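Below: one structure, written as C-alpha cells.
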Amino acid sequence: MDIRNIKTFQTIIRLGSFQRAAEELQYGQSTVTMHIQKLESDLGVKLLERGKKLTLTEAGRLFHQNADLLLKDYDFLQASMDELVKGDAGIIRLGVMEPTASYRLPQLLGPFLRQHPKVKISIHIGNTTVLGQMLHEGSIDMAICSTPNTGLDHSFEPFFMERLALLVPETHALASKPSIRLRDLQNEHLLITNSQCPYRQKLENALLENGGSPYSGMEIGNMAALKYYVQADFGIAVVPVISATPCPQGTVLKAIDDLDSGLVTGLLRKMNASTFSLATESLVEIFRKELKSAVSSAS
C-alpha cells in the first residue's frame with residue numbers, strides 16, 4: 001500500500017467529498033480517484049459506495065478506524081528517519097575497555113548527550129579481544145580499545161597512550177627505591193588481570209624481554225580492583241596511571257624506567273563498514289579531539 005493513498009482516503013472521509021479532498025491535497029480529482037482505486041485494489045475490498053453521498057462499506061469503516069494509527073506510526077517513523085539523517089537521533093552501540101570506560105568516557109558522553117538528547121547509547125565493556133569479536137559479529141558499531149592483534153578485517157586509529165606505573169604499598173621495599181626497572185620485579189608477588197587483558201600481555205612480554213621473570217602472581221579479573229588489593233597488601237601491580245590517581249591511602253605509584261611508554265588506545269571499526277550516522281560521526285570526532293588533547297595535556 002502507498003501511504004499517499006491512505007492519506008487521500010482519510011482526507012476524503014474527513015471532508016466528505018473527492019473534490020474537497022483534491023483541493024486540500026492539491027491533486028487533480030482524477031488523481032484522487034486513482035488513489036482510491038489503487039487502495040481498494042491493494043486491499044482486495046471495496047471501501048466506498050459512490051452516489052449522491054459517500055458511504056463507507058463495512059471494510060471501509062474498519063479501515064478508516066485503523067488508518068489514523070497507521071499514519072501516526074508512519075509520521076513518527078518518518079520523523080525518526082529525518083532526525084537520524086540530521087544526526088539528532090539514533091542508537092550508538094559502543095564497546096570500551098577499561099580504564100577508559102570508567103575514567104574517561106563519562107566526561108565525554110555527558111556533553112554529547114546534552115547536545116543530542118534523542119540519541120541512545122549502548123555501552124559494552126570488555127577487553128580488546130572480546131570487543132574485536134563483538135565488532136566482527138556486528139554486536140557493536142565501534143570500540144575504544146588497545147591495538148588489536150590483527151587488522152585484516154578492522155581499521156584502527158590510535159588516539160592516545162595509556163601510561164602505566166607500578167603501584168606498591170608504602171611499606172614495600174620498592175616504595176623507597178629512587179629508580180625502578182623491570183628486573184626489580186623479579187620474584188615479587190604481582191597482582192595481574194586475566195590472560196586476555198592487553199595490560200597483562202604487555203607486562204608479561206616486557207618482563208620476559210627485560211629480565212623481570214620469573215615472578216609469582218595472583219590473578220584478579222577486574223582491572224579496577226587491583227589497586228584495592230595492593231592497598232590491602234596482597235602484592236604489587238602495574239596499573240594504568242589514571243586508575244590509581246590519586247593513590248589509595250597507604251600506597252605509592254612509581255614509574256618503571258624501562259617499561260616503554262604504555263598501551264596505545266584508539267578507535268576500532270570495521271574496515272568495510274558503511275559510513276556512520278551523523279550522530280556517531282559526531283561522537284567519534286569528540287573522541288578524536290578530547291581523548292588526544294586530554295592525554296597530551298596530562299603527559
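Chain labels run A, B, ... following the order of the C-alpha cells; each chain numbers its residues from 1, and ligands are numbered from 1 in the order shown.
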Sort by chain and increasing residue number a table of all residues of range 159-269 of chain A within 10 Å of range 122-134 of chain A, each with its closest pair of atoms and their distance in Å to one decimal, counting only C-alpha atoms, and write it as a Markdown table.
```
| residue | atom | partner | partner_atom | distance |
| --- | --- | --- | --- | --- |
| A:Asn194 | CA | A:Asn127 | CA | 9.9 |
| A:Gln196 | CA | A:Thr129 | CA | 7.0 |
| A:Cys197 | CA | A:Asn127 | CA | 6.0 |
| A:Pro198 | CA | A:Thr128 | CA | 7.1 |
| A:Tyr199 | CA | A:Asn127 | CA | 9.6 |
| A:Thr265 | CA | A:Thr128 | CA | 9.8 |
| A:Leu268 | CA | A:Gly132 | CA | 7.8 |
| A:Arg269 | CA | A:Gly132 | CA | 8.7 |
```
- Item | range 171-250 of chain A: residues DSSP assigns to strand (DSSP E), reported as an MDAnalysis selection string | chainID A and resid 189:192 216:219 237:240
As a CSV table (one decimal) with all heavy atoms, in the first residue's frame, please: the residues near Asp68 in chain A (cut-off 12 Å, only C-alpha atoms, same-chain neighbours under 6 positions excluded).
```
chain,number,residue,atom,x,y,z
A,3,ILE,N,1.4,5.0,1.1
A,3,ILE,CA,1.0,5.8,2.2
A,3,ILE,C,0.2,7.0,1.7
A,3,ILE,O,-0.8,7.5,2.3
A,3,ILE,CB,2.2,6.3,3.0
A,3,ILE,CG1,1.7,6.7,4.4
A,3,ILE,CG2,3.0,7.4,2.4
A,3,ILE,CD1,1.3,5.5,5.3
A,6,ILE,N,-3.5,6.1,1.4
A,6,ILE,CA,-4.2,6.1,2.7
A,6,ILE,C,-4.5,7.5,3.1
A,6,ILE,O,-5.6,7.7,3.6
A,6,ILE,CB,-3.3,5.3,3.7
A,6,ILE,CG1,-3.0,3.9,3.3
A,6,ILE,CG2,-4.0,5.3,5.1
A,6,ILE,CD1,-2.0,3.2,4.1
A,7,LYS,N,-3.6,8.4,3.0
A,7,LYS,CA,-3.8,9.8,3.4
A,7,LYS,C,-5.0,10.4,2.5
A,7,LYS,O,-5.8,11.1,3.1
A,7,LYS,CB,-2.5,10.6,3.2
A,7,LYS,CG,-1.5,10.4,4.2
A,7,LYS,CD,-0.2,11.3,4.0
A,7,LYS,CE,0.8,11.0,5.1
A,7,LYS,NZ,2.0,11.9,4.9
A,8,THR,N,-5.0,10.1,1.3
A,8,THR,CA,-6.1,10.5,0.4
A,8,THR,C,-7.4,10.0,0.9
A,8,THR,O,-8.4,10.8,1.0
A,8,THR,CB,-5.8,10.1,-1.1
A,8,THR,OG1,-4.6,10.7,-1.5
A,8,THR,CG2,-7.0,10.5,-2.0
A,9,PHE,N,-7.5,8.7,1.2
A,9,PHE,CA,-8.7,8.1,1.7
A,9,PHE,C,-9.2,8.8,3.0
A,9,PHE,O,-10.4,9.2,3.1
A,9,PHE,CB,-8.5,6.6,2.0
A,9,PHE,CG,-9.6,5.9,2.6
A,9,PHE,CD1,-10.7,5.5,1.8
A,9,PHE,CD2,-9.7,5.6,4.0
A,9,PHE,CE1,-11.8,4.9,2.4
A,9,PHE,CE2,-10.7,5.0,4.5
A,9,PHE,CZ,-11.8,4.6,3.8
A,10,GLN,N,-8.3,9.0,3.9
A,10,GLN,CA,-8.7,9.6,5.2
A,10,GLN,C,-9.1,11.1,5.0
A,10,GLN,O,-10.0,11.6,5.7
A,10,GLN,CB,-7.5,9.6,6.2
A,10,GLN,CG,-7.2,8.2,6.7
A,10,GLN,CD,-8.3,7.5,7.5
A,10,GLN,OE1,-9.2,7.0,6.9
A,10,GLN,NE2,-8.2,7.6,8.8
A,11,THR,N,-8.5,11.8,4.0
A,11,THR,CA,-8.9,13.2,3.8
A,11,THR,C,-10.3,13.2,3.1
A,11,THR,O,-11.1,14.1,3.5
A,11,THR,CB,-7.9,13.8,2.8
A,11,THR,OG1,-6.6,13.7,3.4
A,11,THR,CG2,-8.2,15.3,2.6
A,13,ILE,N,-12.7,11.1,3.7
A,13,ILE,CA,-13.7,10.8,4.7
A,13,ILE,C,-13.9,12.0,5.6
A,13,ILE,O,-15.0,12.4,6.0
A,13,ILE,CB,-13.3,9.6,5.6
A,13,ILE,CG1,-13.1,8.4,4.6
A,13,ILE,CG2,-14.3,9.3,6.7
A,13,ILE,CD1,-14.3,8.1,3.8
A,14,ARG,N,-12.8,12.7,5.9
A,14,ARG,CA,-12.9,13.9,6.8
A,14,ARG,C,-13.6,15.0,6.2
A,14,ARG,O,-14.4,15.7,6.8
A,14,ARG,CB,-11.4,14.3,7.2
A,14,ARG,CG,-11.3,15.6,8.0
A,14,ARG,CD,-10.0,15.8,8.6
A,14,ARG,NE,-8.9,15.7,7.6
A,14,ARG,CZ,-8.6,16.8,6.9
A,14,ARG,NH1,-9.2,18.0,7.1
A,14,ARG,NH2,-7.6,16.7,6.0
A,62,LEU,N,-13.9,-0.2,8.9
A,62,LEU,CA,-12.8,-0.8,9.6
A,62,LEU,C,-11.5,-0.2,9.3
A,62,LEU,O,-10.6,0.1,10.1
A,62,LEU,CB,-12.8,-2.3,9.4
A,62,LEU,CG,-11.7,-3.1,10.0
A,62,LEU,CD1,-11.8,-3.1,11.6
A,62,LEU,CD2,-11.7,-4.6,9.6
A,74,TYR,N,3.5,6.0,10.8
A,74,TYR,CA,4.4,6.4,9.6
A,74,TYR,C,5.0,7.8,9.8
A,74,TYR,O,6.2,7.9,9.6
A,74,TYR,CB,3.5,6.4,8.4
A,74,TYR,CG,4.3,6.9,7.1
A,74,TYR,CD1,5.1,6.1,6.4
A,74,TYR,CD2,4.1,8.3,6.7
A,74,TYR,CE1,5.8,6.6,5.3
A,74,TYR,CE2,4.8,8.8,5.6
A,74,TYR,CZ,5.7,7.9,5.0
A,74,TYR,OH,6.4,8.4,3.9
A,75,ASP,N,4.2,8.7,10.3
A,75,ASP,CA,4.8,10.1,10.6
A,75,ASP,C,5.9,10.0,11.6
A,75,ASP,O,6.9,10.7,11.5
A,75,ASP,CB,3.6,11.0,11.0
A,75,ASP,CG,2.7,11.3,9.9
A,75,ASP,OD1,3.0,11.2,8.7
A,75,ASP,OD2,1.5,11.8,10.2
```
- Could you pull out all residues of range 51-296 of chain A with a DSSP call of helix (DSSP H, G or I) and give them as JSON, numbers by chain? {"A": [58, 59, 60, 61, 62, 63, 64, 65, 66, 67, 68, 69, 70, 71, 72, 73, 74, 75, 76, 77, 78, 79, 80, 81, 82, 83, 84, 85, 86, 100, 101, 102, 103, 105, 106, 107, 108, 109, 110, 111, 112, 113, 114, 115, 128, 129, 130, 131, 132, 133, 134, 135, 136, 137, 173, 174, 175, 176, 182, 183, 184, 185, 198, 199, 200, 201, 202, 203, 204, 205, 206, 207, 208, 209, 223, 224, 225, 226, 227, 228, 229, 230, 231, 241, 242, 243, 244, 278, 279, 280, 281, 282, 283, 284, 285, 286, 287, 288, 289, 290, 291, 292, 293, 294, 295, 296]}
Just write the chosen residues, C-alpha atoms, as a compact mmCIF listing (two decimals), in the first residue's frame.
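Contents of the output file again13.txt:
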```txt
# COMPACT_ATOMS: atom_id res chain seq x y z
CA GLU A 58 -18.07 -2.29 6.34
CA ALA A 59 -14.49 -2.77 5.16
CA GLY A 60 -14.19 0.99 4.70
CA ARG A 61 -15.35 1.66 8.27
CA LEU A 62 -12.82 -0.84 9.65
CA PHE A 63 -10.01 0.59 7.53
CA HIS A 64 -10.93 4.16 8.48
CA GLN A 65 -10.86 3.31 12.20
CA ASN A 66 -7.31 1.91 11.97
CA ALA A 67 -5.77 4.06 9.25
CA ASP A 68 -5.10 7.02 11.57
CA LEU A 69 -2.91 4.82 13.78
CA LEU A 70 -1.04 3.65 10.72
CA LEU A 71 -0.49 7.24 9.55
CA LYS A 72 0.67 8.33 13.01
CA ASP A 73 3.18 5.45 13.10
CA TYR A 74 4.36 6.39 9.62
CA ASP A 75 4.76 10.06 10.56
CA PHE A 76 6.69 9.04 13.68
CA LEU A 77 8.92 6.74 11.62
CA GLN A 78 9.49 9.46 9.03
CA ALA A 79 10.37 11.98 11.73
CA SER A 80 12.76 9.47 13.31
CA MET A 81 14.47 8.88 9.97
CA ASP A 82 14.77 12.64 9.41
CA GLU A 83 16.34 13.03 12.86
CA LEU A 84 18.73 10.17 12.12
CA VAL A 85 19.83 11.76 8.86
CA LYS A 86 20.35 15.10 10.63
CA THR A 100 38.69 4.38 29.53
CA ALA A 101 35.17 3.12 30.27
CA SER A 102 35.27 4.29 33.88
CA TYR A 103 37.73 7.18 33.93
CA LEU A 105 34.09 8.06 28.86
CA PRO A 106 31.58 9.57 31.35
CA GLN A 107 33.09 13.05 30.98
CA LEU A 108 32.82 12.79 27.18
CA LEU A 109 29.30 11.37 26.96
CA GLY A 110 27.68 13.99 29.21
CA PRO A 111 28.14 16.99 26.88
CA PHE A 112 27.40 14.85 23.79
CA LEU A 113 24.06 13.59 25.14
CA ARG A 114 23.04 17.08 26.21
CA GLN A 115 23.53 18.17 22.59
CA THR A 128 40.26 -5.81 23.11
CA THR A 129 39.81 -9.47 22.14
CA VAL A 130 36.18 -9.54 23.24
CA LEU A 131 35.37 -6.17 21.67
CA GLY A 132 37.04 -7.16 18.41
CA GLN A 133 34.88 -10.28 18.25
CA MET A 134 31.74 -8.28 19.03
CA LEU A 135 32.62 -5.84 16.25
CA HIS A 136 33.17 -8.73 13.83
CA GLU A 137 29.77 -10.21 14.74
CA ALA A 173 60.90 -2.10 49.77
CA LEU A 174 60.30 -0.75 46.24
CA ALA A 175 58.37 2.24 47.60
CA SER A 176 61.60 3.98 48.68
CA LEU A 182 61.54 -4.35 35.29
CA ARG A 183 64.21 -6.66 36.71
CA ASP A 184 63.34 -5.30 40.17
CA LEU A 185 60.01 -7.11 39.88
CA PRO A 198 46.19 -6.39 26.98
CA TYR A 199 47.76 -4.75 30.05
CA ARG A 200 48.82 -8.13 31.40
CA GLN A 201 50.07 -9.21 27.97
CA LYS A 202 52.19 -6.07 27.66
CA LEU A 203 53.61 -6.51 31.17
CA GLU A 204 54.45 -10.19 30.69
CA ASN A 205 56.16 -9.52 27.36
CA ALA A 206 58.14 -6.67 28.90
CA LEU A 207 59.19 -8.86 31.85
CA LEU A 208 60.38 -11.64 29.55
CA GLU A 209 62.33 -9.20 27.39
CA MET A 223 41.40 -4.07 36.49
CA ALA A 224 39.70 -1.54 38.76
CA ALA A 225 40.06 -3.86 41.76
CA LEU A 226 43.86 -4.18 41.56
CA LYS A 227 44.60 -1.01 43.50
CA TYR A 228 42.48 -2.15 46.44
CA TYR A 229 44.32 -5.46 46.65
CA VAL A 230 47.61 -3.57 46.64
CA GLN A 231 46.21 -1.35 49.38
CA VAL A 241 48.20 5.70 35.97
CA ILE A 242 44.72 7.19 35.60
CA SER A 243 43.13 4.33 37.55
CA ALA A 244 45.41 4.86 40.57
CA LEU A 278 25.98 11.82 11.68
CA ALA A 279 25.43 11.33 15.42
CA THR A 280 28.02 8.54 15.52
CA GLU A 281 30.49 10.57 13.50
CA SER A 282 29.96 13.49 15.90
CA LEU A 283 30.81 11.22 18.83
CA VAL A 284 33.89 9.89 17.02
CA GLU A 285 35.05 13.46 16.45
CA ILE A 286 34.67 14.18 20.18
CA PHE A 287 36.76 11.09 20.97
CA ARG A 288 39.35 12.12 18.40
CA LYS A 289 39.65 15.63 19.79
CA GLU A 290 39.14 15.22 23.53
CA LEU A 291 41.00 11.96 24.15
CA LYS A 292 44.07 13.13 22.27
CA SER A 293 44.15 16.57 23.89
CA ALA A 294 43.30 15.39 27.43
CA VAL A 295 46.04 12.78 27.46
CA SER A 296 48.56 15.13 25.82
```
- Message: Can you measure CA of Asn5 in chain A to CA of His35 in chain A for me? One decimal in Å is fine.
- Response: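 Those two atoms sit 4.9 Å apart.
Minimum distance to Gln19 in chain A across A:Leu54, A:Ile192, A:Met1, A:Lys38 (counting only C-alpha atoms) occurs at A:Leu54.
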- Query: So, counting only C-alpha atoms, which residue among A:Pro99, A:Asn222, A:Gly250, A:Ile144 is closest to Glu157 in chain A?
  - Reply: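 Answer, going by the shortest atom-to-atom distance: A:Ile144.
Atom pair CA of Ser179 in chain A / CA of Leu253 in chain A has a distance of 12.1 Å (rounded to one decimal).
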- Task: Have a look at A:Gly44, A:Ser30, A:Val168, A:Lys53 and name the one nearest to Ser17 in chain A; count only C-alpha atoms.
- Result: A:Lys53
- Task: Could you tell me how far CA of Ile92 in chain A lies from CA of Lys120 in chain A, in Å and to one decimal?
- Result: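 Distance reported for this atom pair: 6.3 Å.
With only C-alpha atoms as the atoms that count, the residue of A:Pro240, A:Gly28, A:Gly235, A:Pro246 with the shortest distance to Ser261 in chain A is A:Pro240.
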